[in-house]
$ cat structure.tsv   # TSV, C-alpha atoms
chain	number	residue	atom	x	y	z
A	881	MET	CA	103.91	126.26	121.06
A	882	ARG	CA	102.01	126.83	117.85
A	883	ASN	CA	101.43	124.25	115.16
A	884	ILE	CA	102.24	125.64	111.70
A	885	ALA	CA	99.57	123.74	109.78
A	886	THR	CA	100.94	123.73	106.26
A	887	VAL	CA	98.40	122.98	103.54
A	888	LEU	CA	99.90	121.04	100.63
A	889	PHE	CA	98.33	120.12	97.29
A	890	GLY	CA	99.65	118.74	94.01
A	891	ASP	CA	102.05	121.10	92.21
A	892	PHE	CA	102.59	123.44	95.12
A	893	GLU	CA	105.62	125.77	94.74
A	894	THR	CA	108.63	124.33	96.57
A	895	LEU	CA	110.17	127.46	98.08
A	896	ASP	CA	106.76	128.96	99.00
A	897	VAL	CA	106.62	126.23	101.61
A	898	PHE	CA	110.19	125.60	102.69
A	899	GLY	CA	111.37	129.18	103.02
A	900	PRO	CA	108.91	129.87	105.87
A	901	VAL	CA	109.34	126.33	107.26
A	902	GLU	CA	113.07	127.05	107.64
A	903	VAL	CA	112.29	130.33	109.43
A	904	PHE	CA	109.76	128.79	111.81
A	905	GLY	CA	111.99	125.79	112.29
A	906	ARG	CA	114.62	128.06	113.87
A	907	PHE	CA	112.25	128.44	116.83
A	908	PRO	CA	111.49	124.86	117.88
A	909	GLU	CA	110.12	125.96	121.26
A	910	GLN	CA	107.57	128.26	119.62
A	911	PHE	CA	106.63	126.76	116.26
A	912	HIS	CA	106.03	123.25	115.07
A	913	PRO	CA	105.65	122.86	111.28
A	914	GLU	CA	103.33	120.05	110.19
A	915	PHE	CA	102.22	119.04	106.71
A	916	TYR	CA	98.63	118.38	105.75
A	917	SER	CA	96.64	117.71	102.62
A	918	LEU	CA	92.91	117.17	102.18
A	919	HIS	CA	93.12	113.37	102.39
A	920	GLY	CA	96.76	112.86	103.46
A	921	GLY	CA	99.39	110.78	101.66
A	922	ILE	CA	102.35	111.78	99.54
A	923	VAL	CA	101.97	115.17	97.86
A	924	THR	CA	104.46	116.34	95.23
A	925	SER	CA	105.56	119.91	94.48
A	926	SER	CA	105.76	121.21	90.93
A	927	HIS	CA	109.50	120.49	91.19
A	928	ARG	CA	108.81	116.83	92.05
A	929	VAL	CA	109.54	117.03	95.77
A	930	PRO	CA	107.53	114.23	97.44
A	931	ILE	CA	106.31	115.14	100.95
A	932	VAL	CA	104.50	112.87	103.38
A	933	THR	CA	101.32	114.57	104.63
A	934	ARG	CA	98.57	113.92	107.15
A	935	PRO	CA	94.87	114.43	106.35
A	936	PHE	CA	93.20	117.68	107.41
A	937	SER	CA	91.12	115.64	109.85
A	938	ASP	CA	94.27	114.97	111.93
A	939	LEU	CA	94.66	118.64	112.78
A	940	SER	CA	94.15	118.83	116.51
A	941	ALA	CA	92.07	121.33	118.40
A	942	GLY	CA	94.90	123.48	119.82
A	943	PRO	CA	95.95	126.90	118.49
A	944	TYR	CA	97.52	126.76	115.05
A	945	VAL	CA	98.77	128.98	112.26
A	946	LEU	CA	97.21	128.01	108.94
A	947	PHE	CA	99.90	128.22	106.27
A	948	VAL	CA	98.72	128.31	102.64
A	949	PRO	CA	101.41	128.29	99.93
A	950	GLY	CA	100.86	128.92	96.23
A	951	GLY	CA	102.06	127.35	93.02
A	952	ILE	CA	100.82	126.28	89.62
A	953	GLY	CA	98.51	123.76	91.33
A	954	VAL	CA	96.36	126.63	92.64
A	955	ARG	CA	94.75	127.03	89.22
A	956	GLU	CA	93.18	123.58	89.55
A	957	ILE	CA	92.33	123.39	93.22
A	958	ILE	CA	90.43	126.67	93.39
A	959	LYS	CA	87.74	124.70	91.50
A	960	ASP	CA	87.67	121.93	94.15
A	961	LYS	CA	84.65	122.64	96.36
A	962	GLU	CA	85.52	119.96	98.92
A	963	LEU	CA	89.00	121.46	99.38
A	964	ILE	CA	87.71	125.04	99.61
A	965	ASP	CA	85.03	124.07	102.13
A	966	ALA	CA	87.63	122.27	104.26
A	967	LEU	CA	90.04	125.18	103.98
A	968	THR	CA	87.28	127.55	105.07
A	969	ARG	CA	86.68	125.55	108.25
A	970	LEU	CA	90.44	125.48	108.95
A	971	GLY	CA	90.69	129.22	108.31
A	972	GLU	CA	87.81	130.03	110.65
A	973	ARG	CA	89.47	128.15	113.52
A	974	ALA	CA	93.03	129.43	112.93
A	975	GLU	CA	94.73	131.80	115.34
A	976	PHE	CA	96.63	133.24	112.38
A	977	VAL	CA	96.60	132.64	108.63
A	978	ILE	CA	99.71	133.13	106.49
A	979	THR	CA	99.86	132.77	102.72
A	980	VAL	CA	102.71	132.91	100.20
A	981	CYS	CA	102.47	133.83	96.51
A	982	THR	CA	99.23	132.62	94.90
A	983	GLY	CA	98.28	130.99	98.20
A	984	SER	CA	96.35	134.22	98.78
A	985	ILE	CA	94.24	133.52	95.70
A	986	LEU	CA	93.51	130.03	96.98
A	987	PHE	CA	92.65	131.33	100.45
A	988	SER	CA	90.50	134.15	99.00
A	989	LYS	CA	88.11	131.47	97.76
A	990	THR	CA	87.10	130.81	101.37
A	991	GLY	CA	85.62	134.31	101.57
A	992	LEU	CA	87.72	135.00	104.67
A	993	LEU	CA	89.77	137.65	102.81
A	994	ASP	CA	86.68	139.59	101.63
A	995	GLY	CA	87.13	143.32	102.26
A	996	LYS	CA	90.61	142.77	103.67
A	997	GLN	CA	93.94	144.01	102.38
A	998	ALA	CA	96.21	141.35	100.88
A	999	THR	CA	98.95	140.82	98.32
A	1000	SER	CA	100.11	138.06	95.97
A	1001	ASN	CA	102.60	137.13	93.25
A	1002	LYS	CA	103.33	140.11	90.99
A	1003	ARG	CA	103.60	138.26	87.68
A	1004	VAL	CA	99.99	137.13	87.91
A	1005	PHE	CA	98.58	140.14	89.71
A	1006	ALA	CA	95.99	140.84	87.02
A	1007	TRP	CA	94.68	137.27	87.39
A	1008	THR	CA	94.65	137.76	91.17
A	1009	GLN	CA	92.44	140.83	90.90
A	1010	LYS	CA	90.14	139.15	88.41
A	1011	GLU	CA	89.70	135.99	90.50
A	1012	SER	CA	88.74	137.76	93.71
A	1013	PRO	CA	87.80	141.42	93.19
A	1014	GLN	CA	86.19	141.53	96.64
A	1015	VAL	CA	89.67	141.53	98.24
A	1016	ARG	CA	91.49	144.87	98.62
A	1017	TRP	CA	94.64	143.77	96.74
A	1018	VAL	CA	97.82	145.77	97.44
A	1019	LYS	CA	100.29	145.62	94.56
A	1020	LYS	CA	103.42	147.21	96.06
A	1021	ALA	CA	104.13	145.20	99.20
A	1022	ARG	CA	106.53	142.45	100.21
A	1023	TRP	CA	103.86	141.33	102.61
A	1024	VAL	CA	100.59	142.66	104.05
A	1025	LYS	CA	99.07	142.12	107.50
A	1026	ASP	CA	95.35	142.65	107.99
A	1027	GLY	CA	94.09	141.50	111.35
A	1028	ASN	CA	95.28	137.94	111.90
A	1029	ILE	CA	95.98	137.32	108.20
A	1030	TYR	CA	99.42	137.76	106.62
A	1031	THR	CA	99.78	137.49	102.84
A	1032	SER	CA	103.06	137.74	100.93
A	1033	SER	CA	104.22	138.34	97.39
A	1034	GLY	CA	105.85	135.74	95.17
A	1035	VAL	CA	107.87	132.72	96.35
A	1036	SER	CA	110.89	134.16	98.17
A	1037	ALA	CA	108.77	136.94	99.71
A	1038	GLY	CA	107.45	134.26	102.06
A	1039	ILE	CA	110.83	134.21	103.82
A	1040	ASP	CA	110.66	137.94	104.54
A	1041	MET	CA	107.06	137.65	105.71
A	1042	ALA	CA	107.90	134.73	107.99
A	1043	PHE	CA	110.63	136.76	109.66
A	1044	GLY	CA	108.11	139.64	109.92
A	1045	PHE	CA	105.61	137.31	111.57
A	1046	VAL	CA	108.31	136.13	114.00
A	1047	ALA	CA	109.18	139.78	114.73
A	1048	ASP	CA	105.53	140.55	115.55
A	1049	LEU	CA	105.22	137.59	117.90
A	1050	LEU	CA	108.71	137.25	119.40
A	1051	GLY	CA	110.34	140.62	118.77
A	1052	ARG	CA	112.45	142.11	116.02
A	1053	GLU	CA	115.75	141.06	117.56
A	1054	ALA	CA	114.74	137.41	117.55
A	1055	ALA	CA	113.96	137.68	113.85
A	1056	ARG	CA	117.20	139.49	113.07
A	1057	GLN	CA	119.28	136.94	114.92
A	1058	ALA	CA	117.63	134.01	113.17
A	1059	SER	CA	118.04	135.66	109.76
A	1060	ALA	CA	121.77	136.11	110.44
A	1061	GLU	CA	122.00	132.46	111.50
A	1062	VAL	CA	120.66	131.33	108.14
A	1063	GLU	CA	122.82	133.99	106.42
A	1064	TYR	CA	119.72	135.62	104.95
A	1065	GLU	CA	119.51	139.33	104.20
A	1066	TRP	CA	116.04	139.96	105.62
A	1067	HIS	CA	114.04	142.76	104.00
A	1068	GLU	CA	112.51	144.10	107.19
A	1069	ASN	CA	110.36	146.70	105.48
A	1070	SER	CA	107.12	145.10	104.33
A	1071	GLU	CA	106.72	147.87	101.74
A	1072	TRP	CA	109.99	147.00	99.96
A	1073	ASP	CA	108.95	145.55	96.62
A	1074	PRO	CA	110.99	146.20	93.46
A	1075	PHE	CA	109.19	143.32	91.75
A	1076	SER	CA	105.85	145.15	91.71
A	1077	GLU	CA	107.34	147.39	89.02
A	1078	LEU	CA	108.52	144.58	86.74
A	1079	TYR	CA	105.17	143.29	85.59
B	590	MET	CA	118.97	117.42	80.89
B	591	ARG	CA	120.94	116.94	84.10
B	592	ASN	CA	119.74	115.03	87.12
B	593	ILE	CA	120.25	117.03	90.32
B	594	ALA	CA	121.05	114.08	92.59
B	595	THR	CA	120.21	115.47	96.01
B	596	VAL	CA	121.73	113.56	98.93
B	597	LEU	CA	119.46	113.53	101.99
B	598	PHE	CA	120.17	112.23	105.50
B	599	GLY	CA	118.45	112.55	108.87
B	600	ASP	CA	118.34	116.12	110.22
B	601	PHE	CA	119.35	117.83	107.00
B	602	GLU	CA	118.71	121.60	106.91
B	603	THR	CA	115.42	122.33	105.15
B	604	LEU	CA	116.31	125.45	103.16
B	605	ASP	CA	119.78	124.14	102.24
B	606	VAL	CA	117.91	121.71	100.00
B	607	PHE	CA	114.80	123.52	98.84
B	608	GLY	CA	116.32	126.87	97.99
B	609	PRO	CA	118.46	125.35	95.21
B	610	VAL	CA	115.70	122.89	94.27
B	611	GLU	CA	113.40	125.86	93.60
B	612	VAL	CA	116.10	127.50	91.45
B	613	PHE	CA	116.82	124.35	89.42
B	614	GLY	CA	113.12	123.61	89.21
B	615	ARG	CA	112.62	126.83	87.25
B	616	PHE	CA	114.47	125.12	84.37
B	617	PRO	CA	112.57	121.87	83.84
B	618	GLU	CA	114.17	121.33	80.42
B	619	GLN	CA	117.68	121.50	81.88
B	620	PHE	CA	117.54	120.21	85.44
B	621	HIS	CA	115.68	117.42	87.11
B	622	PRO	CA	115.88	117.35	90.93
B	623	GLU	CA	115.78	113.87	92.49
B	624	PHE	CA	116.11	112.85	96.12
B	625	TYR	CA	118.36	110.07	97.34
B	626	SER	CA	119.54	108.66	100.63
B	627	LEU	CA	121.94	105.82	101.33
B	628	HIS	CA	119.23	103.16	101.61
B	629	GLY	CA	116.15	105.10	100.42
B	630	GLY	CA	112.89	105.57	102.34
B	631	ILE	CA	111.47	108.58	104.17
B	632	VAL	CA	114.12	111.01	105.41
B	633	THR	CA	113.21	113.88	107.72
B	634	SER	CA	114.84	117.32	107.96
B	635	SER	CA	115.74	118.88	111.29
B	636	HIS	CA	112.48	120.82	110.92
B	637	ARG	CA	110.49	117.59	110.60
B	638	VAL	CA	109.89	117.73	106.85
B	639	PRO	CA	109.41	114.11	105.65
B	640	ILE	CA	110.75	113.50	102.13
B	641	VAL	CA	110.43	110.31	100.10
B	642	THR	CA	113.87	109.25	98.80
B	643	ARG	CA	115.34	106.60	96.53
B	644	PRO	CA	118.45	104.59	97.45
B	645	PHE	CA	121.82	105.70	96.08
B	646	SER	CA	121.86	102.49	94.03
B	647	ASP	CA	118.97	103.86	91.90
B	648	LEU	CA	121.12	106.70	90.56
B	649	SER	CA	121.42	106.01	86.87
B	650	ALA	CA	124.56	106.18	84.75
B	651	GLY	CA	123.83	109.48	82.92
B	652	PRO	CA	125.42	112.83	83.76
B	653	TYR	CA	124.35	114.25	87.09
B	654	VAL	CA	125.04	117.05	89.51
B	655	LEU	CA	125.71	115.72	93.00
B	656	PHE	CA	123.99	118.05	95.49
B	657	VAL	CA	125.10	117.79	99.13
B	658	PRO	CA	123.25	119.94	101.67
B	659	GLY	CA	124.26	120.49	105.28
B	660	GLY	CA	122.50	120.58	108.61
B	661	ILE	CA	122.85	119.41	112.16
B	662	GLY	CA	122.78	115.80	110.92
B	663	VAL	CA	126.23	116.28	109.37
B	664	ARG	CA	127.85	115.93	112.80
B	665	GLU	CA	126.69	112.31	112.99
B	666	ILE	CA	127.00	111.12	109.42
B	667	ILE	CA	130.61	112.22	108.92
B	668	LYS	CA	131.36	109.24	111.19
B	669	ASP	CA	129.41	106.82	108.94
B	670	LYS	CA	132.01	105.01	106.82
B	671	GLU	CA	129.44	103.31	104.58
B	672	LEU	CA	127.85	106.67	103.74
B	673	ILE	CA	131.19	108.39	103.13
B	674	ASP	CA	132.40	105.56	100.90
B	675	ALA	CA	129.17	105.69	98.87
B	676	LEU	CA	129.36	109.50	98.66
B	677	THR	CA	132.95	109.22	97.41
B	678	ARG	CA	131.88	106.95	94.55
B	679	LEU	CA	129.01	109.34	93.67
B	680	GLY	CA	131.38	112.32	93.80
B	681	GLU	CA	133.93	110.67	91.53
B	682	ARG	CA	131.31	110.04	88.84
B	683	ALA	CA	129.57	113.44	89.08
B	684	GLU	CA	129.78	115.99	86.29
B	685	PHE	CA	129.49	118.72	88.95
B	686	VAL	CA	129.28	118.74	92.74
B	687	ILE	CA	127.43	121.47	94.63
B	688	THR	CA	127.26	121.79	98.41
B	689	VAL	CA	125.37	124.14	100.73
B	690	CYS	CA	126.34	125.13	104.28
B	691	THR	CA	128.02	122.28	106.20
B	692	GLY	CA	127.46	120.03	103.20
B	693	SER	CA	131.03	121.00	102.29
B	694	ILE	CA	132.27	119.47	105.56
B	695	LEU	CA	130.39	116.27	104.77
B	696	PHE	CA	131.72	116.20	101.22
B	697	SER	CA	135.28	117.00	102.39
B	698	LYS	CA	135.31	113.57	104.09
B	699	THR	CA	135.43	111.96	100.66
B	700	GLY	CA	138.88	113.49	100.07
B	701	LEU	CA	137.63	115.01	96.81
B	702	LEU	CA	137.99	118.54	98.21
B	703	ASP	CA	141.63	118.05	99.27
B	704	GLY	CA	143.77	120.98	98.15
B	705	LYS	CA	140.76	122.74	96.66
B	706	GLN	CA	139.20	126.06	97.61
B	707	ALA	CA	135.82	125.83	99.32
B	708	THR	CA	133.56	127.63	101.77
B	709	SER	CA	130.97	126.70	104.39
B	710	ASN	CA	128.65	128.03	107.08
B	711	LYS	CA	130.21	130.99	108.89
B	712	ARG	CA	128.94	130.26	112.40
B	713	VAL	CA	130.84	126.97	112.50
B	714	PHE	CA	133.82	127.99	110.41
B	715	ALA	CA	136.34	127.11	113.12
B	716	TRP	CA	134.88	123.59	113.27
B	717	THR	CA	135.02	123.42	109.46
B	718	GLN	CA	138.74	124.22	109.45
B	719	LYS	CA	139.44	121.76	112.24
B	720	GLU	CA	137.53	118.88	110.61
B	721	SER	CA	139.28	119.13	107.24
B	722	PRO	CA	142.46	121.24	107.35
B	723	GLN	CA	143.54	119.77	104.00
B	724	VAL	CA	140.89	121.91	102.23
B	725	ARG	CA	141.76	125.53	101.34
B	726	TRP	CA	138.80	127.09	103.17
B	727	VAL	CA	137.76	130.59	102.07
B	728	LYS	CA	135.99	132.51	104.81
B	729	LYS	CA	134.67	135.58	102.96
B	730	ALA	CA	132.63	134.18	100.08
B	731	ARG	CA	128.96	133.65	99.30
B	732	TRP	CA	130.06	130.72	97.20
B	733	VAL	CA	133.30	129.32	95.76
B	734	LYS	CA	133.88	127.46	92.50
B	735	ASP	CA	136.97	125.28	92.15
B	736	GLY	CA	136.98	123.17	89.03
B	737	ASN	CA	133.67	121.29	88.88
B	738	ILE	CA	132.90	121.79	92.59
B	739	TYR	CA	130.74	124.64	93.92
B	740	THR	CA	130.48	125.17	97.68
B	741	SER	CA	128.32	127.81	99.37
B	742	SER	CA	128.06	129.48	102.74
B	743	GLY	CA	125.21	128.95	105.19
B	744	VAL	CA	121.64	127.97	104.31
B	745	SER	CA	120.27	130.81	102.16
B	746	ALA	CA	123.63	131.21	100.38
B	747	GLY	CA	122.70	128.07	98.46
B	748	ILE	CA	120.06	130.07	96.57
B	749	ASP	CA	122.66	132.60	95.38
B	750	MET	CA	125.07	129.80	94.45
B	751	ALA	CA	122.38	127.95	92.52
B	752	PHE	CA	121.65	131.05	90.46
B	753	GLY	CA	125.43	131.42	89.96
B	754	PHE	CA	125.62	127.82	88.75
B	755	VAL	CA	122.71	128.46	86.37
B	756	ALA	CA	124.48	131.61	85.13
B	757	ASP	CA	127.67	129.62	84.41
B	758	LEU	CA	125.78	126.94	82.47
B	759	LEU	CA	122.90	128.84	80.86
B	760	GLY	CA	124.00	132.49	80.96
B	761	ARG	CA	123.57	135.34	83.40
B	762	GLU	CA	120.35	136.61	81.84
B	763	ALA	CA	118.63	133.26	82.36
B	764	ALA	CA	119.59	133.40	86.03
B	765	ARG	CA	118.46	137.01	86.40
B	766	GLN	CA	115.11	136.31	84.79
B	767	ALA	CA	114.45	133.30	86.99
B	768	SER	CA	115.42	135.22	90.14
B	769	ALA	CA	112.93	137.95	89.21
B	770	GLU	CA	110.25	135.31	88.63
B	771	VAL	CA	110.65	134.02	92.16
B	772	GLU	CA	110.93	137.63	93.43
B	773	TYR	CA	114.38	136.92	94.83
B	774	GLU	CA	117.07	139.59	95.10
B	775	TRP	CA	119.98	137.53	93.78
B	776	HIS	CA	123.43	138.44	95.11
B	777	GLU	CA	125.31	137.97	91.86
B	778	ASN	CA	128.73	138.65	93.33
B	779	SER	CA	130.10	135.46	94.85
B	780	GLU	CA	132.39	137.54	97.08
B	781	TRP	CA	129.48	139.34	98.77
B	782	ASP	CA	129.44	138.00	102.34
B	783	PRO	CA	128.52	140.27	105.26
B	784	PHE	CA	128.00	137.17	107.42
B	785	SER	CA	131.70	136.29	107.42
B	786	GLU	CA	132.26	139.27	109.71
B	787	LEU	CA	129.60	138.32	112.26
B	788	TYR	CA	131.26	135.27	113.75

$ encode --input "structure.tsv" --output "structure tokens"
Amino acid sequence: MRNIATVLFGDFETLDVFGPVEVFGRFPEQFHPEFYSLHGGIVTSSHRVPIVTRPFSDLSAGPYVLFVPGGIGVREIIKDKELIDALTRLGERAEFVITVCTGSILFSKTGLLDGKQATSNKRVFAWTQKESPQVRWVKKARWVKDGNIYTSSGVSAGIDMAFGFVADLLGREAARQASAEVEYEWHENSEWDPFSELY
Amino acid sequence: MRNIATVLFGDFETLDVFGPVEVFGRFPEQFHPEFYSLHGGIVTSSHRVPIVTRPFSDLSAGPYVLFVPGGIGVREIIKDKELIDALTRLGERAEFVITVCTGSILFSKTGLLDGKQATSNKRVFAWTQKESPQVRWVKKARWVKDGNIYTSSGVSAGIDMAFGFVADLLGREAARQASAEVEYEWHENSEWDPFSELY
């Protein structure tokens, strides 16, 4: 059983979070989504979804997957030293790290992506490269795996990455079956990315 | 501006709700997602996502879209007469009704789907037909529109339906642009449904 330690912050992107949560939630024996924010309390997405969270300090010592979504709120919180320091400590202890959309920009501020390959939202890719040039950003990719860190492209790409992560840990057939159950056409190829050509 | 009055209940399906909420949330001038439950309070999805809700009685008199998701919790609440009665009153006053997955089974208990065409989750389609034989269930469909009621197939089909609803109200180009922004490959054809052949 792995805790999916989901990091929320004000104005996170709704589907960045709940696409992967749906995928992991299909495997209740393996994954256990939980919702954290720096100090706990109710955190609201940019689409006004109010989620009850626990403080980072509640995250227990067992193995966990650190899950960092993106959203318009990233532009503010990358300036928050207390948050970045806390995220760095969580990232160092994580068995795996997964990010969706501009979550990779947020996570890059920990330094734990330095020199690694990663991807992000395609509409703001120029900003991505400018914010953290020390990361080896890959433009054409639905998701990228480098070591124990998975990063995905914009919003709905997180669903494809989550199934890819499940495939790596539990086998491709498990991922395919779950994607059929939620009637989702999984893009199994992590290099599929028509959106990289739009912007 | 239309309120998207989202009906939550214990053990709702996470992505049934937050796929469409993401889509509607891309149009903050047109749609305003809000979260309701019969008596208000914190309601938790089957994947343990805790959402803060308002009671049905808070729903104001203006035009709204009644949004009914599905999930494992549907099996219990279709027996809850107080909930069904309240849902019936909300359905009668709604400008539009949209359902995802087994949300159509829940909504069918109001009688407001009687004689109408509708669809639902494909894995439990036999149960769907048995629960409400007075509905004209359509098996092969990503989503179905009958009058002011839109019903979709399982889980991720709600995203395609939501873009279809946006296309009907705001034009196809608006829907296409928003789907590209969230890097989602929208299935524009409501008759696309490979999952109807799996079960």

$ axis_aligned_box --input "structure.tsv" --around "region 753-770 of chain B" --padding-each-side "5 Å" --output "AutoDock Vina command-line options"
--center_x 119.0 --center_y 132.4 --center_z 85.5 --size_x 27.4 --size_y 21.0 --size_z 19.3

$ interface_residues --input "structure.tsv" --of "chain B" --to "chain A" --cutoff "9 Å" --atoms "all atoms listed in the file" --output "number ranges by chain"
B: 602-604, 607-608, 610-615, 617, 621-624, 631, 635-642, 710-712, 742-746, 769-774, 782-784, 787

$ residues_around --input "structure.tsv" --residues "Leu655 (chain B)" --least-positions-apart "4" --cutoff "10 Å" --atoms "all atoms listed in the file" --output "mmCIF file with C-alpha atoms, keeping the file's coordinate frame"
data_model
loop_
_atom_site.group_PDB
_atom_site.id
_atom_site.type_symbol
_atom_site.label_atom_id
_atom_site.label_comp_id
_atom_site.auth_asym_id
_atom_site.auth_seq_id
_atom_site.Cartn_x
_atom_site.Cartn_y
_atom_site.Cartn_z
ATOM 1 C CA ASN B 592 119.740 115.030 87.120
ATOM 2 C CA ILE B 593 120.250 117.030 90.320
ATOM 3 C CA ALA B 594 121.050 114.080 92.590
ATOM 4 C CA THR B 595 120.210 115.470 96.010
ATOM 5 C CA VAL B 596 121.730 113.560 98.930
ATOM 6 C CA LEU B 676 129.360 109.500 98.660
ATOM 7 C CA LEU B 679 129.010 109.340 93.670
ATOM 8 C CA GLY B 680 131.380 112.320 93.800
ATOM 9 C CA GLU B 681 133.930 110.670 91.530
ATOM 10 C CA ARG B 682 131.310 110.040 88.840
ATOM 11 C CA ALA B 683 129.570 113.440 89.080
ATOM 12 C CA GLU B 684 129.780 115.990 86.290
ATOM 13 C CA PHE B 685 129.490 118.720 88.950
ATOM 14 C CA VAL B 686 129.280 118.740 92.740
ATOM 15 C CA ILE B 687 127.430 121.470 94.630
ATOM 16 C CA THR B 688 127.260 121.790 98.410
ATOM 17 C CA ILE B 738 132.900 121.790 92.590
#

$ closest_residue --input "structure.tsv" --among "A:Ser1000, A:Gln910, A:Gln1009, A:Ser1070" --to "Asp1040 (chain A)" --atoms "only C-alpha atoms"
A:Ser1070

$ residues_near_point --input "structure.tsv" --point "(126.0, 126.8, 83.2)" --cutoff "12 Å" --atoms "only C-alpha atoms" --output "tab-separated table (two decimals) with C-alpha atoms, in the coordinates of the input"
chain	number	residue	atom	x	y	z
B	590	MET	CA	118.97	117.42	80.89
B	591	ARG	CA	120.94	116.94	84.10
B	613	PHE	CA	116.82	124.35	89.42
B	616	PHE	CA	114.47	125.12	84.37
B	619	GLN	CA	117.68	121.50	81.88
B	620	PHE	CA	117.54	120.21	85.44
B	654	VAL	CA	125.04	117.05	89.51
B	684	GLU	CA	129.78	115.99	86.29
B	685	PHE	CA	129.49	118.72	88.95
B	737	ASN	CA	133.67	121.29	88.88
B	739	TYR	CA	130.74	124.64	93.92
B	750	MET	CA	125.07	129.80	94.45
B	751	ALA	CA	122.38	127.95	92.52
B	752	PHE	CA	121.65	131.05	90.46
B	753	GLY	CA	125.43	131.42	89.96
B	754	PHE	CA	125.62	127.82	88.75
B	755	VAL	CA	122.71	128.46	86.37
B	756	ALA	CA	124.48	131.61	85.13
B	757	ASP	CA	127.67	129.62	84.41
B	758	LEU	CA	125.78	126.94	82.47
B	759	LEU	CA	122.90	128.84	80.86
B	760	GLY	CA	124.00	132.49	80.96
B	761	ARG	CA	123.57	135.34	83.40
B	762	GLU	CA	120.35	136.61	81.84
B	763	ALA	CA	118.63	133.26	82.36
B	764	ALA	CA	119.59	133.40	86.03

$ atom_distance --input "structure.tsv" --atom1 "CA of Gly700 (chain B)" --atom2 "CA of Asp674 (chain B)"
10.3 Å

$ residues_near_point --input "structure.tsv" --point "(121.3, 113.4, 101.6)" --cutoff "7 Å" --atoms "only C-alpha atoms" --output "PyMOL selection string"
chain B and resi 595-598+625-626+657-658

$ closest_residue --input "structure.tsv" --among "A:Gly890, A:Asn1069, A:Gly921, A:Gly953" --to "Lys1020 (chain A)" --atoms "only C-alpha atoms"
A:Asn1069

$ atom_distance --input "structure.tsv" --atom1 "CA of Arg725 (chain B)" --atom2 "CA of Val713 (chain B)"
15.7 Å

$ atom_distance --input "structure.tsv" --atom1 "CA of Ala707 (chain B)" --atom2 "CA of Ile661 (chain B)"
19.3 Å

$ build_atoms --input "structure.tsv" --residues "region 645-654 of chain B" --atoms "N, CA, C and O atoms" --output "mmCIF file, in the frame of the given file"
data_model
loop_
_atom_site.group_PDB
_atom_site.id
_atom_site.type_symbol
_atom_site.label_atom_id
_atom_site.label_comp_id
_atom_site.auth_asym_id
_atom_site.auth_seq_id
_atom_site.Cartn_x
_atom_site.Cartn_y
_atom_site.Cartn_z
ATOM 1 N N PHE B 645 120.705 105.296 96.953
ATOM 2 C CA PHE B 645 121.820 105.700 96.080
ATOM 3 C C PHE B 645 121.943 104.768 94.875
ATOM 4 O O PHE B 645 122.288 105.200 93.772
ATOM 5 N N SER B 646 121.659 103.486 95.095
ATOM 6 C CA SER B 646 121.860 102.490 94.030
ATOM 7 C C SER B 646 120.929 102.719 92.840
ATOM 8 O O SER B 646 121.159 102.170 91.754
ATOM 9 N N ASP B 647 119.884 103.545 93.010
ATOM 10 C CA ASP B 647 118.970 103.860 91.900
ATOM 11 C C ASP B 647 119.524 104.939 90.972
ATOM 12 O O ASP B 647 118.930 105.191 89.915
ATOM 13 N N LEU B 648 120.606 105.588 91.383
ATOM 14 C CA LEU B 648 121.120 106.700 90.560
ATOM 15 C C LEU B 648 121.664 106.139 89.259
ATOM 16 O O LEU B 648 122.566 105.308 89.244
ATOM 17 N N SER B 649 121.084 106.590 88.173
ATOM 18 C CA SER B 649 121.420 106.010 86.870
ATOM 19 C C SER B 649 122.766 106.513 86.372
ATOM 20 O O SER B 649 123.396 107.365 86.968
ATOM 21 N N ALA B 650 123.193 105.968 85.229
ATOM 22 C CA ALA B 650 124.560 106.180 84.750
ATOM 23 C C ALA B 650 124.763 107.513 84.037
ATOM 24 O O ALA B 650 125.893 107.920 83.801
ATOM 25 N N GLY B 651 123.684 108.233 83.696
ATOM 26 C CA GLY B 651 123.830 109.480 82.920
ATOM 27 C C GLY B 651 124.511 110.580 83.703
ATOM 28 O O GLY B 651 124.824 110.413 84.886
ATOM 29 N N PRO B 652 124.762 111.723 83.068
ATOM 30 C CA PRO B 652 125.420 112.830 83.760
ATOM 31 C C PRO B 652 124.527 113.388 84.868
ATOM 32 O O PRO B 652 123.311 113.490 84.696
ATOM 33 N N TYR B 653 125.129 113.679 85.988
ATOM 34 C CA TYR B 653 124.350 114.250 87.090
ATOM 35 C C TYR B 653 125.184 115.256 87.870
ATOM 36 O O TYR B 653 126.415 115.243 87.809
ATOM 37 N N VAL B 654 124.442 116.112 88.580
ATOM 38 C CA VAL B 654 125.040 117.050 89.510
ATOM 39 C C VAL B 654 124.807 116.484 90.899
ATOM 40 O O VAL B 654 123.650 116.270 91.290
#
